[in-house]
Amino acid sequence: MSVDHCFSIKGQGTVMTGTILSGSISLGDSVEIPALKVVKKVKSMQVFHTPVTTAMQGDRLGICVTQFDPKLLERGLVCAPESLHIIHAALISVEKIPYFRGPLQTKAKFHITVGHETVMGRLMFFSPAPDSFDHEPVLDAFDFSREYLFQEQYLCKDLAPAATDSGQTNEKAGQATDGHCPRQQWALVEFEKPVTCPQLCLVIGSRLDADIHANTCRLAFHGILLHGLEDKNYAESLLPRLRVYKLKHKHGLVDRVIDDYNVIGRSLFKKETNIQLFVGLKVDLSTGELGVIDSAFGQSGKFKIHIPGGLSPESKKMLLPTVKKRSRAGPGEVAEQKEGAEQREPAHHVTLSLSFKRYVFDTHKRMVQSP
């Protein structure tokens with residue numbers, strides 16, 4: 001029942017008036033005010049000043065309880081004991097309102113109206129994996145067993161793809177290309193203060209701080225609350241179950257060949273990177289071979305790559321070093337090698353590509369590659 005007015009009657013008790021949203025109530029039932037965690041027994045009920053013993057969904061009702069201060073409740077929800085819970089965050093299905101101008105960005109704050117409360121909330125958007133963009137929307141539950149793709153913003157046809165961490169747009173990094181958008185998208189909403197609301201209720205996101213005199217729509221999106229996070233420490237207890245991942249891509253070069261099955265790579269990692277974390281990950285050579293990062297090589301960010309299938313004759317030919325003489329050191333400079341020393345470089349540059357998933361809420365920050 002949604003309560004919109006609360007007042008006391010001397011000698012009777014406290015009366016709460018509102019509309020029954022679902023279910024039914026009878027005289028003598030216990031009701032809970034979940035926001036206050038208070039349970040009271042119904043002493044009497046009236047529908048349009050007529051005493052009744054039962055009421056059901058849709059009825060406009062006044063219920064009288066005893067020993068309750070009306071100043072504690074102005075508007076809110078009243079329910080059967082333990083039927084509603086206070087949530088600190090929620091997983092919602094999201095649909096943008098077409099008249100709202102501008103993107104819906106991850107980490108942006110919106111006014112979130114849920115139940116009978118409006119609070120500030122921060123959002124993180126995510127979508128199905130690219131091969132599931134056309135799946136039928138599910139609006140009555142959230143599937144924790146599926147994997148989801150992190151999005152920098154809500155994907156829609158009227159917006160250009162957002163830039164990835166490297167400053168480039170990339171479909172694999174979770175961006176819509178050629179106007180292809182998923183049929184359903186979701187968001188994790190983290191509320192600035194806890195709210196009380198039923199499951200599968202309507203959620204509205206808006207920018208109420210926008211200029212009311214401007215000719216713009218302040219309602220940004222709407223959706224359905226699919227799963228509420230009741231634990232205050234949900235970041236540690238519940239979010240690791242949420243399998244939202246980012247796709248990472250790194251590119252480097254083959255520095256030189258050791259033998260038919262091993263090469264040295266460079267420019268894939270920074271000097272300070274702990275390459276041991278990447279040992280065992282697969283890399284693709286632009287010549288077609290598949291390699292595995294074997295170990296670090298020196299202290300400059302170079303690394304050793306093992307190629308199980310070996311280098312093809314064409315690849316070895318491309319990687320044969322050519323001799324290039326170093327120029328003399330200038331006046332006052334210290335030459336790193338003797339004058340006339342030779343530097344061996346591959347005849348052609350062979351690039352390396354490393355792709356992996358990193359799950360947003362994985363506490364171990366593991367890197368996962370597809371089989």
# chains A, B, ... in the order shown; residues from 1 in each chain; ligands from 1
>>> residues_around(residues="Phe110 in chain A", least_positions_apart="2", cutoff="12 Å", atoms="only C-alpha atoms", output="compact mmCIF listing (two decimals) with C-alpha atoms, in the first residue's frame")
# COMPACT_ATOMS: atom_id res chain seq x y z
CA LEU A 104 23.72 8.34 -20.95
CA GLN A 105 27.24 7.92 -19.63
CA THR A 106 28.58 5.32 -17.24
CA LYS A 107 29.50 6.89 -13.87
CA ALA A 108 27.03 9.73 -14.48
CA ILE A 112 16.32 7.99 -9.73
CA THR A 113 12.62 7.65 -8.98
CA THR A 118 13.52 9.96 -5.64
CA VAL A 119 17.22 9.77 -4.78
CA MET A 120 20.51 10.39 -6.57
CA GLY A 121 22.11 7.35 -8.15
CA ARG A 122 25.27 6.55 -10.12
CA LEU A 123 24.95 4.23 -13.12
CA MET A 124 27.13 1.69 -14.90
CA VAL A 189 22.37 1.73 -10.08
CA GLU A 190 24.09 2.63 -6.82
CA PHE A 191 21.86 4.81 -4.64
CA GLU A 192 23.27 7.60 -2.49
CA VAL A 203 12.38 3.02 -12.44
CA ILE A 204 12.67 6.51 -13.93
CA GLY A 205 15.96 8.36 -14.39
CA SER A 206 15.93 12.12 -14.85
CA ARG A 207 17.99 15.28 -14.69
CA LEU A 208 15.86 17.41 -12.38
CA ASP A 209 18.73 19.85 -11.93
CA ALA A 210 18.46 20.92 -15.59
CA ARG A 218 14.55 16.22 -18.33
CA LEU A 219 13.45 12.57 -18.25
CA ALA A 220 16.42 10.50 -19.43
CA PHE A 221 15.42 6.83 -19.22
CA HIS A 222 12.96 4.36 -17.77
>>> residues_around(residues="range 14-22 of chain A", least_positions_apart="6", cutoff="12 Å", atoms="only C-alpha atoms", output="PyMOL selection string")
chain A and resi 1-8+31+33+40-49+54-80+83+115-116+197-198+201
>>> residues_around(residues="Val94 in chain A", least_positions_apart="4", cutoff="9 Å", atoms="only C-alpha atoms", output="list of chain:residue names")
A:Phe125, A:Tyr154, A:Gln184, A:Gln185, A:Trp186, A:Ala187, A:Val203, A:Phe221, A:His222, A:Gly223, A:Ile224
>>> residues_around(residues="Lys270 in chain A", least_positions_apart="5", cutoff="9 Å", atoms="only C-alpha atoms", output="VMD selection string")
chain A and resid 300 to 302
>>> residues_around(residues="range 283-298 of chain A", least_positions_apart="4", cutoff="6 Å", atoms="only C-alpha atoms", output="list of chain:residue names")
A:Ile275, A:Val279, A:Lys302, A:Phe303, A:Lys304, A:Ile305, A:His306, A:Ile307, A:Val350, A:Thr351, A:Leu352, A:Ser353, A:Leu354
>>> write_last_selection(atoms="C-alpha atoms", output="JSON list (two decimals), in the first residue's frame")
[["chain", "number", "residue", "atom", "x", "y", "z"],
["A", 275, "ILE", "CA", 55.01, -9.23, -17.43],
["A", 279, "VAL", "CA", 52.65, -15.28, -18.96],
["A", 302, "LYS", "CA", 60.59, -6.96, -23.82],
["A", 303, "PHE", "CA", 59.35, -10.53, -23.54],
["A", 304, "LYS", "CA", 59.90, -13.98, -24.95],
["A", 305, "ILE", "CA", 57.20, -15.63, -27.10],
["A", 306, "HIS", "CA", 57.05, -19.37, -27.74],
["A", 307, "ILE", "CA", 55.45, -20.41, -31.04],
["A", 350, "VAL", "CA", 55.77, -8.12, -37.79],
["A", 351, "THR", "CA", 53.07, -6.96, -35.38],
["A", 352, "LEU", "CA", 51.74, -8.71, -32.28],
["A", 353, "SER", "CA", 48.15, -8.60, -31.04],
["A", 354, "LEU", "CA", 47.04, -9.51, -27.53]]
>>> residues_around(residues="Pro194 in chain A", least_positions_apart="5", cutoff="10 Å", atoms="only C-alpha atoms", output="ChimeraX atom specification")
/A:35,85-89,117,119,230,232
>>> closest_residue(among="A:Arg256, A:Lys316, A:Lys246, A:Lys157", to="Tyr359 in chain A", atoms="only C-alpha atoms")
A:Lys246
>>> atom_distance(atom1="CA of Leu229 in chain A", atom2="CA of Phe100 in chain A")
28.1 Å
>>> select_by_dssp(residues="range 26-156 of chain A", states="strand (DSSP E or B)", output="MDAnalysis selection string")
chainID A and resid 26 30:33 38:41 44:47 50:51 54:56 60:65 76:77 79 85:96 105 109:114 117:128 148:151 153
>>> write_last_selection(atoms="C-alpha atoms", output="compact mmCIF listing (two decimals), in the first residue's frame")
# COMPACT_ATOMS: atom_id res chain seq x y z
CA SER A 26 -7.97 -7.63 6.66
CA SER A 30 -0.04 -6.86 11.04
CA VAL A 31 1.52 -4.32 8.69
CA GLU A 32 5.14 -3.17 8.39
CA ILE A 33 6.57 0.23 7.60
CA VAL A 38 8.17 -0.90 12.50
CA VAL A 39 5.36 -3.50 12.64
CA LYS A 40 1.87 -2.49 13.81
CA LYS A 41 -1.51 -4.21 14.06
CA SER A 44 -9.74 -0.43 12.13
CA MET A 45 -10.15 0.34 8.39
CA GLN A 46 -12.32 2.62 6.30
CA VAL A 47 -12.98 3.01 2.57
CA THR A 50 -17.22 3.44 5.50
CA PRO A 51 -15.85 0.87 7.98
CA THR A 54 -11.17 -6.34 4.19
CA ALA A 55 -9.76 -4.39 1.24
CA MET A 56 -7.96 -5.37 -1.93
CA ARG A 60 -8.46 3.71 -1.54
CA LEU A 61 -8.07 2.90 2.15
CA GLY A 62 -7.47 4.39 5.57
CA ILE A 63 -6.04 2.14 8.28
CA CYS A 64 -5.77 2.97 11.97
CA VAL A 65 -2.89 1.73 14.14
CA GLY A 76 5.95 5.84 1.83
CA LEU A 77 5.04 2.19 1.64
CA CYS A 79 3.30 -3.82 3.48
CA HIS A 85 13.25 -4.80 1.73
CA ILE A 86 15.58 -1.84 1.81
CA ILE A 87 18.07 -1.89 -1.07
CA HIS A 88 21.34 -0.03 -1.53
CA ALA A 89 21.77 -0.74 -5.25
CA ALA A 90 19.83 -2.39 -8.05
CA LEU A 91 20.19 -4.07 -11.43
CA ILE A 92 17.70 -2.58 -13.85
CA SER A 93 16.67 -3.02 -17.47
CA VAL A 94 17.14 0.35 -19.21
CA GLU A 95 15.51 2.07 -22.15
CA LYS A 96 16.42 5.61 -23.11
CA GLN A 105 27.24 7.92 -19.63
CA LYS A 109 24.57 10.67 -11.72
CA PHE A 110 20.82 10.88 -12.26
CA HIS A 111 17.77 11.48 -10.11
CA ILE A 112 16.32 7.99 -9.73
CA THR A 113 12.62 7.65 -8.98
CA VAL A 114 11.78 4.19 -7.67
CA GLU A 117 11.20 7.86 -3.52
CA THR A 118 13.52 9.96 -5.64
CA VAL A 119 17.22 9.77 -4.78
CA MET A 120 20.51 10.39 -6.57
CA GLY A 121 22.11 7.35 -8.15
CA ARG A 122 25.27 6.55 -10.12
CA LEU A 123 24.95 4.23 -13.12
CA MET A 124 27.13 1.69 -14.90
CA PHE A 125 25.74 0.50 -18.23
CA PHE A 126 26.29 -2.91 -19.78
CA SER A 127 24.89 -4.93 -22.67
CA PRO A 128 24.82 -8.53 -23.89
CA TYR A 148 27.76 -9.04 -20.10
CA LEU A 149 29.82 -6.45 -21.95
CA PHE A 150 30.74 -3.21 -20.15
CA GLN A 151 29.65 -0.02 -21.91
CA GLN A 153 27.54 4.75 -22.40
>>> closest_residue(among="A:Ser24, A:Gln369, A:Asn274, A:Thr216", to="Tyr245 in chain A", atoms="only C-alpha atoms")
A:Gln369
>>> closest_residue(among="A:Leu188, A:Leu247, A:Cys181, A:Ile25", to="Phe133 in chain A", atoms="only C-alpha atoms")
A:Cys181
>>> closest_residue(among="A:Arg241, A:Lys193, A:Arg101, A:Arg183", to="Asp143 in chain A", atoms="only C-alpha atoms")
A:Arg241
>>> closest_residue(among="A:Pro371, A:Pro321, A:Pro98, A:Gly280", to="His348 in chain A", atoms="only C-alpha atoms")
A:Pro321
>>> select_by_dssp(residues="range 208-247 of chain A", states="alpha helix (DSSP H)", output="number ranges by chain")
A: 234-237
>>> write_last_selection(atoms="C-alpha atoms", output="short mmCIF file (atom, residue, chain, number, x, y, z; two decimals), in the first residue's frame")
data_model
loop_
_atom_site.label_atom_id
_atom_site.label_comp_id
_atom_site.auth_asym_id
_atom_site.auth_seq_id
_atom_site.Cartn_x
_atom_site.Cartn_y
_atom_site.Cartn_z
CA TYR A 234 27.16 -5.52 -1.76
CA ALA A 235 30.41 -4.51 -3.48
CA GLU A 236 32.21 -7.38 -1.74
CA SER A 237 29.38 -9.86 -1.23
#
>>> closest_residue(among="A:Gly228, A:Tyr261, A:His213, A:Pro130", to="Pro313 in chain A", atoms="only C-alpha atoms")
A:Tyr261
